[in-house]
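A short worksheet on the structure shown next.
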Amino acid sequence: MTKRIMETIKTRFAPSPTGHLHVGGARTALFNFLIARQAGGTFLLRIEDTDRSRHDESAIAKICEDLRWLGIEWDEGIEVGGPNGPYRQSERLDIYRRYLRRLLDEGRAYYAFDTAEELDAMRERSRAETGGFRYPRPERFAGEEEAERARAEGRPVVARIRCPDTDVTVADESFGEITIPAGEQEDFIIQKADGYPTFYLANVVDDELMGVNFVCRGQEFLDQTWRQAVLREALGFREPRLLHLPLIMDRHGRKLSKRDGDVDVHAFRRAGYLPEALVNFIALLGWRPGGDREKFTPAELVQEFKTERLSKANARFDREKLLSFNTDALAAAGEDRLLAALKDYLSLHSTPIPAGDDALLRAVLRACRGIRTFADLVAKCEVLFGPDDAFQYDPQAVAKVLEKGAGYETLAELRPRLAATDWTAEALEALLEAYGVEKGLKMGKIAQPLRVAVTGSTVSPSIYETLVFLGKEKTLVRISRCLAERSAG
Ligand code: GLU
């Protein structure tokens, strides 16, 4: 224990590459990052790709990209390198084979050749007789030659660990001690028939060789942590500190899944969220900072995060709350930050908004204060930058704003006056106000018909900003189009 306290903390995130980073994985990565940063330790990123059936090669780059977007940088591992590489398990097969060899030689592991059908039959028989099933350890362990023969016969040759005949206890810093009685431990597989190690073996070998001394991961791994303890003991490895994070549920109390909307980090990026809002929100999935405070910048998280304040209770993924965090973060961000984030957002989408024109984007951002996500900004503004004949007129807006009352007449009268004015927000404001006084009309009765005429809808930035973004020529073309559609319709 004393030694452990003296040691510098080394944490890791060890995802299996199956796609973009899930928010659950992002939380595990974030907490490991925070624990390491806070302790002046090291945070490592390792790719656990020994399950070839679920493998997606492109996922590795995606996970790295998602982590970097969130601002979670790793000190050692895939893409950045370090003294303990390679950091991809599929490139470390020789290492796992060496450890397996040792276990086989010492009689701590053994070969098994059962086919899937044989295992099913064993399972059924045993369940009928005893109500349960545990793989029956053979009296005598097969040697290399027998294994070779079995392989030649086309049988699946796996290696199983021989569990100890004693209870195994693991001590989790959040969930406490968990004991698996000797009678409930099964000799589980540590090398599969395809020659790849199972997750259990590769995971403990790498944690040991890479110097990881603090394992923080999702609660879904808690039930099988004893298996890693068994392997560590058999291999003479050190026990790391263990900390499991509570499950993340959706608003119906079910395990978070795509059913309820997007759950991967990239989808939130594409949906127009700021990474700092997502990170703040994710940090609260299982961590209770105490008091009323909920808002933390990434730097404040490094300061304030405490593993002692992690909850055992399931966390709830509340999308409304995330949206409100994002709305607040957008309102609080400085313009340079917003500009960079908006450009990132636009780079992922095809919109007519000119993503290279910084001055224009700054004006658009100012005109769109109060948005919840960048998707709101695009919804509000893209029509202003698209072709004049491509947008549709919303029939409801037309009925309410143009057909009821004097909307069309107002447009017809305003058109020549707009054609004759200077095109600045001030000049436009003066023109519309003078027109209102002359006709005894409130501003809404002037601005709304104009807005519908030039955007097709009742949602856009202020009327002056809308008209300035459009420019005189496009404004006049659109008013003409609107009036023409009325005569045609
Ligand atoms: N490779 C595991 C996963 O996909 C990680 C397990 C661990 O963190 O120990 O989540």
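Ordered as shown in the structure tokens, chains take letters A, B, and onward, while each chain numbers its residues from 1 and ligands are numbered from 1 in the order shown.
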
For this session: Mind listing the strand (DSSP E) residues of range 135-307 of chain A, per DSSP on the backbone, as a list in words?
Result: Val158, Ala159, Arg160, Ile161, Val168, Thr169, Val170, Ala171, Asp172, Gly176, Glu177, Ile178, Thr179, Ile180, Ile189, Ile190, Gln191, Phe214, Val215, Cys216, Arg217, Gly218, Arg241, Leu242, Leu243, His244, Leu245, Ile248 and Met249 of chain A

Find the residues near ligand 1. Use a cut-off of 8 Å, count only C-alpha atoms and all ligand atoms, and write them as a PDB file with N, CA, C and O atoms, in the first residue's frame.
ATOM      1  N   ARG A  12      -5.515   4.589 -17.817  1.00  0.00           N
ATOM      2  CA  ARG A  12      -5.593   4.320 -19.257  1.00  0.00           C
ATOM      3  C   ARG A  12      -7.043   4.271 -19.691  1.00  0.00           C
ATOM      4  O   ARG A  12      -7.961   4.043 -18.914  1.00  0.00           O
ATOM      5  N   PHE A  13      -7.213   4.511 -20.985  1.00  0.00           N
ATOM      6  CA  PHE A  13      -8.498   4.260 -21.622  1.00  0.00           C
ATOM      7  C   PHE A  13      -8.193   3.202 -22.663  1.00  0.00           C
ATOM      8  O   PHE A  13      -7.215   3.334 -23.416  1.00  0.00           O
ATOM      9  N   ALA A  14      -9.008   2.136 -22.667  1.00  0.00           N
ATOM     10  CA  ALA A  14      -8.664   0.981 -23.498  1.00  0.00           C
ATOM     11  C   ALA A  14      -9.856   0.545 -24.348  1.00  0.00           C
ATOM     12  O   ALA A  14     -10.402  -0.531 -24.149  1.00  0.00           O
ATOM     13  N   PRO A  15     -10.261   1.386 -25.283  1.00  0.00           N
ATOM     14  CA  PRO A  15     -11.473   1.048 -26.038  1.00  0.00           C
ATOM     15  C   PRO A  15     -11.247  -0.065 -27.059  1.00  0.00           C
ATOM     16  O   PRO A  15     -10.140  -0.248 -27.557  1.00  0.00           O
ATOM     17  N   SER A  16     -12.328  -0.772 -27.342  1.00  0.00           N
ATOM     18  CA  SER A  16     -12.321  -1.715 -28.459  1.00  0.00           C
ATOM     19  C   SER A  16     -12.843  -0.951 -29.664  1.00  0.00           C
ATOM     20  O   SER A  16     -13.852  -0.262 -29.553  1.00  0.00           O
ATOM     21  N   PRO A  17     -12.166  -1.047 -30.790  1.00  0.00           N
ATOM     22  CA  PRO A  17     -12.561  -0.221 -31.931  1.00  0.00           C
ATOM     23  C   PRO A  17     -13.766  -0.792 -32.671  1.00  0.00           C
ATOM     24  O   PRO A  17     -13.627  -1.655 -33.526  1.00  0.00           O
ATOM     25  N   GLY A  25     -18.037   5.637 -23.176  1.00  0.00           N
ATOM     26  CA  GLY A  25     -16.581   5.553 -23.332  1.00  0.00           C
ATOM     27  C   GLY A  25     -15.938   6.914 -23.099  1.00  0.00           C
ATOM     28  O   GLY A  25     -14.870   7.019 -22.489  1.00  0.00           O
ATOM     29  N   ILE A  47      -5.486   0.465 -27.667  1.00  0.00           N
ATOM     30  CA  ILE A  47      -6.595  -0.063 -28.477  1.00  0.00           C
ATOM     31  C   ILE A  47      -6.703  -1.575 -28.254  1.00  0.00           C
ATOM     32  O   ILE A  47      -5.749  -2.317 -28.488  1.00  0.00           O
ATOM     33  N   GLU A  48      -7.860  -2.005 -27.787  1.00  0.00           N
ATOM     34  CA  GLU A  48      -8.074  -3.424 -27.500  1.00  0.00           C
ATOM     35  C   GLU A  48      -8.830  -4.063 -28.656  1.00  0.00           C
ATOM     36  O   GLU A  48     -10.057  -4.103 -28.672  1.00  0.00           O
ATOM     37  N   ASP A  49      -8.066  -4.545 -29.611  1.00  0.00           N
ATOM     38  CA  ASP A  49      -8.683  -5.048 -30.847  1.00  0.00           C
ATOM     39  C   ASP A  49      -8.445  -6.546 -31.026  1.00  0.00           C
ATOM     40  O   ASP A  49      -8.030  -6.991 -32.083  1.00  0.00           O
ATOM     41  N   PHE A 199     -10.018 -10.877 -24.117  1.00  0.00           N
ATOM     42  CA  PHE A 199      -9.893  -9.585 -23.471  1.00  0.00           C
ATOM     43  C   PHE A 199      -9.205  -9.699 -22.103  1.00  0.00           C
ATOM     44  O   PHE A 199      -8.327  -8.901 -21.767  1.00  0.00           O
ATOM     45  N   ASN A 203      -5.759  -7.727 -21.546  1.00  0.00           N
ATOM     46  CA  ASN A 203      -5.970  -6.568 -20.682  1.00  0.00           C
ATOM     47  C   ASN A 203      -5.032  -6.571 -19.472  1.00  0.00           C
ATOM     48  O   ASN A 203      -4.392  -5.562 -19.160  1.00  0.00           O
ATOM     49  N   VAL A 215      -7.119   1.469 -12.530  1.00  0.00           N
ATOM     50  CA  VAL A 215      -8.078   1.072 -13.563  1.00  0.00           C
ATOM     51  C   VAL A 215      -9.444   1.663 -13.231  1.00  0.00           C
ATOM     52  O   VAL A 215     -10.031   1.350 -12.190  1.00  0.00           O
ATOM     53  N   CYS A 216      -9.907   2.549 -14.089  1.00  0.00           N
ATOM     54  CA  CYS A 216     -11.225   3.157 -13.891  1.00  0.00           C
ATOM     55  C   CYS A 216     -12.024   2.872 -15.146  1.00  0.00           C
ATOM     56  O   CYS A 216     -11.588   3.193 -16.253  1.00  0.00           O
ATOM     57  N   ARG A 217     -13.168   2.247 -15.004  1.00  0.00           N
ATOM     58  CA  ARG A 217     -13.952   1.854 -16.186  1.00  0.00           C
ATOM     59  C   ARG A 217     -15.401   1.643 -15.789  1.00  0.00           C
ATOM     60  O   ARG A 217     -15.766   1.765 -14.619  1.00  0.00           O
ATOM     61  N   GLY A 218     -16.241   1.296 -16.749  1.00  0.00           N
ATOM     62  CA  GLY A 218     -17.676   1.202 -16.506  1.00  0.00           C
ATOM     63  C   GLY A 218     -18.070   0.013 -15.643  1.00  0.00           C
ATOM     64  O   GLY A 218     -17.379  -1.007 -15.612  1.00  0.00           O
ATOM     65  N   PHE A 221     -18.114  -3.856 -16.348  1.00  0.00           N
ATOM     66  CA  PHE A 221     -16.954  -4.756 -16.224  1.00  0.00           C
ATOM     67  C   PHE A 221     -16.771  -5.309 -14.807  1.00  0.00           C
ATOM     68  O   PHE A 221     -15.929  -6.167 -14.573  1.00  0.00           O
TER      69      PHE A 221
END

For this session: Name the residues of range 85-265 of chain A that fall into helix (DSSP H, G or I) according to DSSP on the backbone, using the chain letters and numbers of this document, as a ChimeraX atom specification.
Result: /A:89-91,93-105,116-130,144-152,182-184,199-209,219-235,258-260,265

Give me the residues within 8 Å of Ile446 in chain A as a PDB file with N, CA and C atoms, in the first residue's frame, counting only C-alpha atoms and dropping any in the same chain fewer than 2 places off.
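And here's result.pdb as it stands now:
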ATOM      1  N   GLY A 407     -50.607  41.963 -45.917  1.00  0.00           N
ATOM      2  CA  GLY A 407     -49.220  41.570 -46.124  1.00  0.00           C
ATOM      3  C   GLY A 407     -48.724  41.801 -47.545  1.00  0.00           C
ATOM      4  N   THR A 410     -48.461  45.469 -48.449  1.00  0.00           N
ATOM      5  CA  THR A 410     -47.286  46.065 -47.816  1.00  0.00           C
ATOM      6  C   THR A 410     -46.031  45.768 -48.641  1.00  0.00           C
ATOM      7  N   LEU A 432     -38.270  51.590 -42.700  1.00  0.00           N
ATOM      8  CA  LEU A 432     -39.419  50.799 -42.237  1.00  0.00           C
ATOM      9  C   LEU A 432     -40.200  51.556 -41.161  1.00  0.00           C
ATOM     10  N   GLY A 436     -44.106  52.690 -41.276  1.00  0.00           N
ATOM     11  CA  GLY A 436     -45.056  52.332 -40.212  1.00  0.00           C
ATOM     12  C   GLY A 436     -45.849  53.534 -39.745  1.00  0.00           C
ATOM     13  N   LEU A 441     -49.016  51.434 -38.988  1.00  0.00           N
ATOM     14  CA  LEU A 441     -48.790  49.987 -38.795  1.00  0.00           C
ATOM     15  C   LEU A 441     -47.715  49.754 -37.740  1.00  0.00           C
ATOM     16  N   LYS A 442     -47.938  48.719 -36.908  1.00  0.00           N
ATOM     17  CA  LYS A 442     -46.884  48.326 -35.961  1.00  0.00           C
ATOM     18  C   LYS A 442     -45.764  47.618 -36.728  1.00  0.00           C
ATOM     19  N   MET A 443     -44.560  47.615 -36.148  1.00  0.00           N
ATOM     20  CA  MET A 443     -43.406  47.047 -36.858  1.00  0.00           C
ATOM     21  C   MET A 443     -43.630  45.581 -37.255  1.00  0.00           C
ATOM     22  N   GLY A 444     -44.322  44.804 -36.370  1.00  0.00           N
ATOM     23  CA  GLY A 444     -44.558  43.394 -36.683  1.00  0.00           C
ATOM     24  C   GLY A 444     -45.294  43.214 -38.001  1.00  0.00           C
ATOM     25  N   GLN A 448     -42.823  41.106 -40.486  1.00  0.00           N
ATOM     26  CA  GLN A 448     -43.160  39.699 -40.745  1.00  0.00           C
ATOM     27  C   GLN A 448     -43.455  39.428 -42.226  1.00  0.00           C
ATOM     28  N   PRO A 449     -44.262  40.254 -42.909  1.00  0.00           N
ATOM     29  CA  PRO A 449     -44.464  40.000 -44.346  1.00  0.00           C
ATOM     30  C   PRO A 449     -43.136  40.027 -45.114  1.00  0.00           C
ATOM     31  N   LEU A 450     -42.273  40.955 -44.736  1.00  0.00           N
ATOM     32  CA  LEU A 450     -40.975  41.013 -45.416  1.00  0.00           C
ATOM     33  C   LEU A 450     -40.168  39.741 -45.167  1.00  0.00           C
TER      34      LEU A 450
END

Problem set entry | Within 8 Å of Cys368 in chain A using only C-alpha atoms, minus same-chain residues under 5 positions, as an MDAnalysis selection string | chainID A and resid 377 380 461

Just N, CA and C atoms for this one: save the residues we selected as a compact mmCIF listing (two decimals), in the first residue's frame.
# COMPACT_ATOMS: atom_id res chain seq x y z
N LEU A 377 -28.60 27.69 -35.71
CA LEU A 377 -28.05 28.81 -36.50
C LEU A 377 -28.23 28.54 -37.99
N LYS A 380 -31.81 28.83 -39.06
CA LYS A 380 -32.25 30.22 -39.09
C LYS A 380 -31.67 30.98 -40.29
N PRO A 461 -32.99 35.92 -38.35
CA PRO A 461 -32.48 36.96 -37.46
C PRO A 461 -33.36 38.22 -37.56

Exercise. Do you know which residues are at most 12 Å from Glu57 in chain A counting only C-alpha atoms, after dropping those on the same chain fewer than 4 positions away, and could you put them as a list in words?
Worked result: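 The neighbour list is Ser16, Pro17, Thr18, Gly19, His20, Ile47, Glu48, Asp49, Thr50, Asp51, Arg52, Ser53, Ala61, Lys62, Ile63, Arg88 and Ser90 of chain A.
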
Got time to write the residues from that selection, all heavy atoms, as a compact mmCIF listing (two decimals), in the first residue's frame?
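Printed below is result.txt as written:
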# COMPACT_ATOMS: atom_id res chain seq x y z
N SER A 16 -12.33 -0.77 -27.34
CA SER A 16 -12.32 -1.72 -28.46
C SER A 16 -12.84 -0.95 -29.66
O SER A 16 -13.85 -0.26 -29.55
CB SER A 16 -13.24 -2.90 -28.15
OG SER A 16 -12.77 -3.53 -26.99
N PRO A 17 -12.17 -1.05 -30.79
CA PRO A 17 -12.56 -0.22 -31.93
C PRO A 17 -13.77 -0.79 -32.67
O PRO A 17 -13.63 -1.65 -33.53
CB PRO A 17 -11.32 -0.23 -32.82
CG PRO A 17 -10.61 -1.49 -32.48
CD PRO A 17 -10.98 -1.87 -31.08
N THR A 18 -14.94 -0.32 -32.33
CA THR A 18 -16.14 -0.81 -33.02
C THR A 18 -16.89 0.32 -33.72
O THR A 18 -17.87 0.07 -34.39
CB THR A 18 -17.10 -1.51 -32.03
OG1 THR A 18 -17.37 -0.59 -30.97
CG2 THR A 18 -16.50 -2.77 -31.45
N GLY A 19 -16.45 1.55 -33.54
CA GLY A 19 -17.14 2.67 -34.19
C GLY A 19 -16.71 3.96 -33.52
O GLY A 19 -15.68 3.99 -32.84
N HIS A 20 -17.50 5.01 -33.68
CA HIS A 20 -17.18 6.27 -33.01
C HIS A 20 -17.27 6.08 -31.50
O HIS A 20 -17.89 5.13 -31.01
CB HIS A 20 -18.16 7.36 -33.46
CG HIS A 20 -17.67 8.10 -34.67
ND1 HIS A 20 -16.55 8.90 -34.63
CD2 HIS A 20 -18.14 8.17 -35.94
CE1 HIS A 20 -16.35 9.43 -35.83
NE2 HIS A 20 -17.30 9.00 -36.64
N ILE A 47 -5.49 0.46 -27.67
CA ILE A 47 -6.59 -0.06 -28.48
C ILE A 47 -6.70 -1.57 -28.25
O ILE A 47 -5.75 -2.32 -28.49
CB ILE A 47 -6.36 0.24 -29.97
CG1 ILE A 47 -6.29 1.76 -30.20
CG2 ILE A 47 -7.44 -0.41 -30.83
CD1 ILE A 47 -7.57 2.52 -29.91
N GLU A 48 -7.86 -2.00 -27.79
CA GLU A 48 -8.07 -3.42 -27.50
C GLU A 48 -8.83 -4.06 -28.66
O GLU A 48 -10.06 -4.10 -28.67
CB GLU A 48 -8.81 -3.57 -26.16
CG GLU A 48 -8.03 -2.91 -25.02
CD GLU A 48 -8.19 -3.57 -23.67
OE1 GLU A 48 -9.29 -4.05 -23.37
OE2 GLU A 48 -7.19 -3.60 -22.92
N ASP A 49 -8.07 -4.55 -29.61
CA ASP A 49 -8.68 -5.05 -30.85
C ASP A 49 -8.45 -6.55 -31.03
O ASP A 49 -8.03 -6.99 -32.08
CB ASP A 49 -8.17 -4.26 -32.05
CG ASP A 49 -6.65 -4.32 -32.20
OD1 ASP A 49 -5.99 -4.77 -31.24
OD2 ASP A 49 -6.13 -3.94 -33.26
N THR A 50 -8.72 -7.31 -29.97
CA THR A 50 -8.52 -8.77 -30.11
C THR A 50 -9.80 -9.49 -30.49
O THR A 50 -9.78 -10.67 -30.75
CB THR A 50 -7.98 -9.38 -28.80
OG1 THR A 50 -8.90 -9.09 -27.77
CG2 THR A 50 -6.60 -8.85 -28.46
N ASP A 51 -10.92 -8.76 -30.52
CA ASP A 51 -12.16 -9.40 -30.96
C ASP A 51 -12.32 -9.10 -32.45
O ASP A 51 -12.83 -8.05 -32.83
CB ASP A 51 -13.35 -8.85 -30.15
CG ASP A 51 -14.65 -9.56 -30.53
OD1 ASP A 51 -14.64 -10.31 -31.54
OD2 ASP A 51 -15.65 -9.35 -29.84
N ARG A 52 -11.86 -10.02 -33.27
CA ARG A 52 -11.82 -9.75 -34.70
C ARG A 52 -13.21 -9.72 -35.32
O ARG A 52 -13.39 -9.18 -36.41
CB ARG A 52 -10.94 -10.79 -35.43
CG ARG A 52 -9.54 -10.90 -34.89
CD ARG A 52 -8.88 -9.56 -34.64
NE ARG A 52 -8.34 -8.95 -35.84
CZ ARG A 52 -7.78 -7.74 -35.87
NH1 ARG A 52 -7.72 -7.03 -34.78
NH2 ARG A 52 -7.31 -7.25 -36.99
N SER A 53 -14.21 -10.31 -34.65
CA SER A 53 -15.55 -10.32 -35.25
C SER A 53 -16.19 -8.94 -35.19
O SER A 53 -17.04 -8.60 -35.99
CB SER A 53 -16.43 -11.35 -34.55
OG SER A 53 -16.57 -10.99 -33.19
N ALA A 61 -9.03 5.63 -35.79
CA ALA A 61 -8.86 7.07 -36.09
C ALA A 61 -10.06 7.86 -35.58
O ALA A 61 -9.90 8.99 -35.09
CB ALA A 61 -8.68 7.25 -37.59
N LYS A 62 -11.23 7.27 -35.67
CA LYS A 62 -12.44 7.98 -35.22
C LYS A 62 -12.39 8.24 -33.71
O LYS A 62 -12.71 9.33 -33.24
CB LYS A 62 -13.69 7.15 -35.52
CG LYS A 62 -14.07 7.12 -36.98
CD LYS A 62 -15.31 6.27 -37.18
CE LYS A 62 -15.61 6.10 -38.66
NZ LYS A 62 -16.35 4.87 -38.92
N ILE A 63 -11.97 7.22 -32.97
CA ILE A 63 -11.91 7.37 -31.51
C ILE A 63 -10.89 8.46 -31.14
O ILE A 63 -11.16 9.31 -30.29
CB ILE A 63 -11.55 6.01 -30.85
CG1 ILE A 63 -12.74 5.05 -30.99
CG2 ILE A 63 -11.18 6.20 -29.38
CD1 ILE A 63 -12.42 3.62 -30.61
N ARG A 88 -1.46 -1.25 -29.72
CA ARG A 88 -2.60 -1.92 -30.33
C ARG A 88 -2.43 -3.38 -30.03
O ARG A 88 -1.40 -3.96 -30.38
CB ARG A 88 -2.45 -1.77 -31.83
CG ARG A 88 -3.46 -1.05 -32.52
CD ARG A 88 -3.11 -1.08 -33.98
NE ARG A 88 -4.10 -1.94 -34.59
CZ ARG A 88 -4.62 -1.71 -35.76
NH1 ARG A 88 -4.23 -0.69 -36.46
NH2 ARG A 88 -5.53 -2.51 -36.24
N SER A 90 -3.55 -6.08 -31.29
CA SER A 90 -3.34 -7.01 -32.41
C SER A 90 -1.86 -7.02 -32.83
O SER A 90 -1.43 -7.94 -33.53
CB SER A 90 -4.22 -6.63 -33.60
OG SER A 90 -3.93 -5.31 -34.01

Exercise. Using only C-alpha atoms, which residues sit within 12 Å of Ala399 in chain A once same-chain residues fewer than 3 positions away are excluded, as a ChimeraX atom specification?
Worked result: /A:393-396,402-408,449,452,456-458,486

Pull N, CA, C and O atoms from the residues just selected and write them as a PDB file, in the first residue's frame.
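Generated output (again_18.pdb):
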ATOM      1  N   TYR A 393     -42.053  28.405 -49.788  1.00  0.00           N
ATOM      2  CA  TYR A 393     -42.826  29.257 -48.886  1.00  0.00           C
ATOM      3  C   TYR A 393     -43.654  28.360 -47.969  1.00  0.00           C
ATOM      4  O   TYR A 393     -44.385  27.498 -48.456  1.00  0.00           O
ATOM      5  N   ASP A 394     -43.500  28.559 -46.682  1.00  0.00           N
ATOM      6  CA  ASP A 394     -44.253  27.763 -45.716  1.00  0.00           C
ATOM      7  C   ASP A 394     -45.729  28.192 -45.785  1.00  0.00           C
ATOM      8  O   ASP A 394     -46.050  29.350 -45.502  1.00  0.00           O
ATOM      9  N   PRO A 395     -46.609  27.262 -46.170  1.00  0.00           N
ATOM     10  CA  PRO A 395     -48.019  27.634 -46.400  1.00  0.00           C
ATOM     11  C   PRO A 395     -48.655  28.282 -45.167  1.00  0.00           C
ATOM     12  O   PRO A 395     -49.470  29.203 -45.292  1.00  0.00           O
ATOM     13  N   GLN A 396     -48.266  27.813 -43.996  1.00  0.00           N
ATOM     14  CA  GLN A 396     -48.845  28.386 -42.763  1.00  0.00           C
ATOM     15  C   GLN A 396     -48.429  29.837 -42.587  1.00  0.00           C
ATOM     16  O   GLN A 396     -49.242  30.696 -42.234  1.00  0.00           O
ATOM     17  N   LEU A 402     -49.276  36.715 -44.791  1.00  0.00           N
ATOM     18  CA  LEU A 402     -49.458  37.434 -46.064  1.00  0.00           C
ATOM     19  C   LEU A 402     -50.926  37.519 -46.487  1.00  0.00           C
ATOM     20  O   LEU A 402     -51.404  38.567 -46.920  1.00  0.00           O
ATOM     21  N   GLU A 403     -51.636  36.395 -46.367  1.00  0.00           N
ATOM     22  CA  GLU A 403     -53.002  36.385 -46.890  1.00  0.00           C
ATOM     23  C   GLU A 403     -53.973  37.084 -45.959  1.00  0.00           C
ATOM     24  O   GLU A 403     -54.920  37.733 -46.394  1.00  0.00           O
ATOM     25  N   LYS A 404     -53.747  36.900 -44.644  1.00  0.00           N
ATOM     26  CA  LYS A 404     -54.611  37.581 -43.672  1.00  0.00           C
ATOM     27  C   LYS A 404     -54.077  39.002 -43.530  1.00  0.00           C
ATOM     28  O   LYS A 404     -52.887  39.199 -43.365  1.00  0.00           O
ATOM     29  N   GLY A 405     -54.924  39.993 -43.634  1.00  0.00           N
ATOM     30  CA  GLY A 405     -54.432  41.367 -43.499  1.00  0.00           C
ATOM     31  C   GLY A 405     -53.815  41.862 -44.800  1.00  0.00           C
ATOM     32  O   GLY A 405     -54.069  41.320 -45.883  1.00  0.00           O
ATOM     33  N   ALA A 406     -52.934  42.851 -44.655  1.00  0.00           N
ATOM     34  CA  ALA A 406     -52.451  43.564 -45.843  1.00  0.00           C
ATOM     35  C   ALA A 406     -51.019  43.200 -46.211  1.00  0.00           C
ATOM     36  O   ALA A 406     -50.288  44.019 -46.752  1.00  0.00           O
ATOM     37  N   GLY A 407     -50.607  41.963 -45.917  1.00  0.00           N
ATOM     38  CA  GLY A 407     -49.220  41.570 -46.124  1.00  0.00           C
ATOM     39  C   GLY A 407     -48.724  41.801 -47.545  1.00  0.00           C
ATOM     40  O   GLY A 407     -47.678  42.418 -47.765  1.00  0.00           O
ATOM     41  N   TYR A 408     -49.474  41.314 -48.518  1.00  0.00           N
ATOM     42  CA  TYR A 408     -49.033  41.445 -49.917  1.00  0.00           C
ATOM     43  C   TYR A 408     -48.976  42.908 -50.353  1.00  0.00           C
ATOM     44  O   TYR A 408     -48.055  43.331 -51.051  1.00  0.00           O
ATOM     45  N   PRO A 449     -44.262  40.254 -42.909  1.00  0.00           N
ATOM     46  CA  PRO A 449     -44.464  40.000 -44.346  1.00  0.00           C
ATOM     47  C   PRO A 449     -43.136  40.027 -45.114  1.00  0.00           C
ATOM     48  O   PRO A 449     -42.891  39.180 -45.971  1.00  0.00           O
ATOM     49  N   VAL A 452     -41.241  36.736 -44.360  1.00  0.00           N
ATOM     50  CA  VAL A 452     -41.796  35.582 -45.087  1.00  0.00           C
ATOM     51  C   VAL A 452     -41.440  35.693 -46.567  1.00  0.00           C
ATOM     52  O   VAL A 452     -41.058  34.706 -47.200  1.00  0.00           O
ATOM     53  N   GLY A 456     -39.251  32.693 -46.702  1.00  0.00           N
ATOM     54  CA  GLY A 456     -40.249  31.625 -46.795  1.00  0.00           C
ATOM     55  C   GLY A 456     -40.833  31.244 -45.451  1.00  0.00           C
ATOM     56  O   GLY A 456     -41.768  30.455 -45.379  1.00  0.00           O
ATOM     57  N   SER A 457     -40.266  31.799 -44.359  1.00  0.00           N
ATOM     58  CA  SER A 457     -40.754  31.389 -43.040  1.00  0.00           C
ATOM     59  C   SER A 457     -40.770  32.587 -42.087  1.00  0.00           C
ATOM     60  O   SER A 457     -40.364  33.683 -42.460  1.00  0.00           O
ATOM     61  N   THR A 458     -41.225  32.330 -40.872  1.00  0.00           N
ATOM     62  CA  THR A 458     -41.287  33.429 -39.895  1.00  0.00           C
ATOM     63  C   THR A 458     -40.074  33.436 -38.966  1.00  0.00           C
ATOM     64  O   THR A 458     -40.045  34.176 -37.994  1.00  0.00           O
ATOM     65  N   ARG A 486     -47.992  34.672 -55.685  1.00  0.00           N
ATOM     66  CA  ARG A 486     -49.350  34.963 -55.280  1.00  0.00           C
ATOM     67  C   ARG A 486     -50.242  35.032 -56.531  1.00  0.00           C
ATOM     68  O   ARG A 486     -51.301  34.400 -56.583  1.00  0.00           O
TER      69      ARG A 486
END

Exercise. Pick the closest to Pro181 in chain A from A:Leu414, A:Val157, A:Val168, A:Leu342: which is it, counting only C-alpha atoms?
Worked result: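 Between A:Leu414, A:Val157, A:Val168, A:Leu342, the residue approaching Pro181 in chain A most closely is A:Val168.
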
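Residue nearest Cys64 in chain A within the list A:Val265, A:Glu465, A:Tyr111, A:Ile161: A:Val265 [criterion: smallest interatomic distance, only C-alpha atoms].
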
For this session: Please provide the set of residues having any atom within 12 Å of Asp172 in chain A, restricted to only C-alpha atoms, with same-chain residues fewer than 4 positions apart removed, written as a list in words.
Result: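 Here the qualifying residues turn out to be Gly176, Glu177, Ile178, Thr179, Phe214, Val215, Cys216, Arg217, Gly218, Gln219, Phe221, Leu222, Asp223, Thr225, Trp226, Ala229, Glu239, Pro240, Arg241, Leu242, Leu243, His244, Leu245, Thr307, Glu308 and Lys312 of chain A.
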
Problem set entry | Pick from A:Glu220, A:Glu65, A:Asp264, A:Asp114 nearest to Ala150 in chain A, counting only C-alpha atoms | A:Asp114

Problem set entry | A:Gly154, A:Gly211, A:Gly440, A:Pro352 ranked by distance to Gly386 in chain A, top pick (using only C-alpha atoms) | A:Pro352
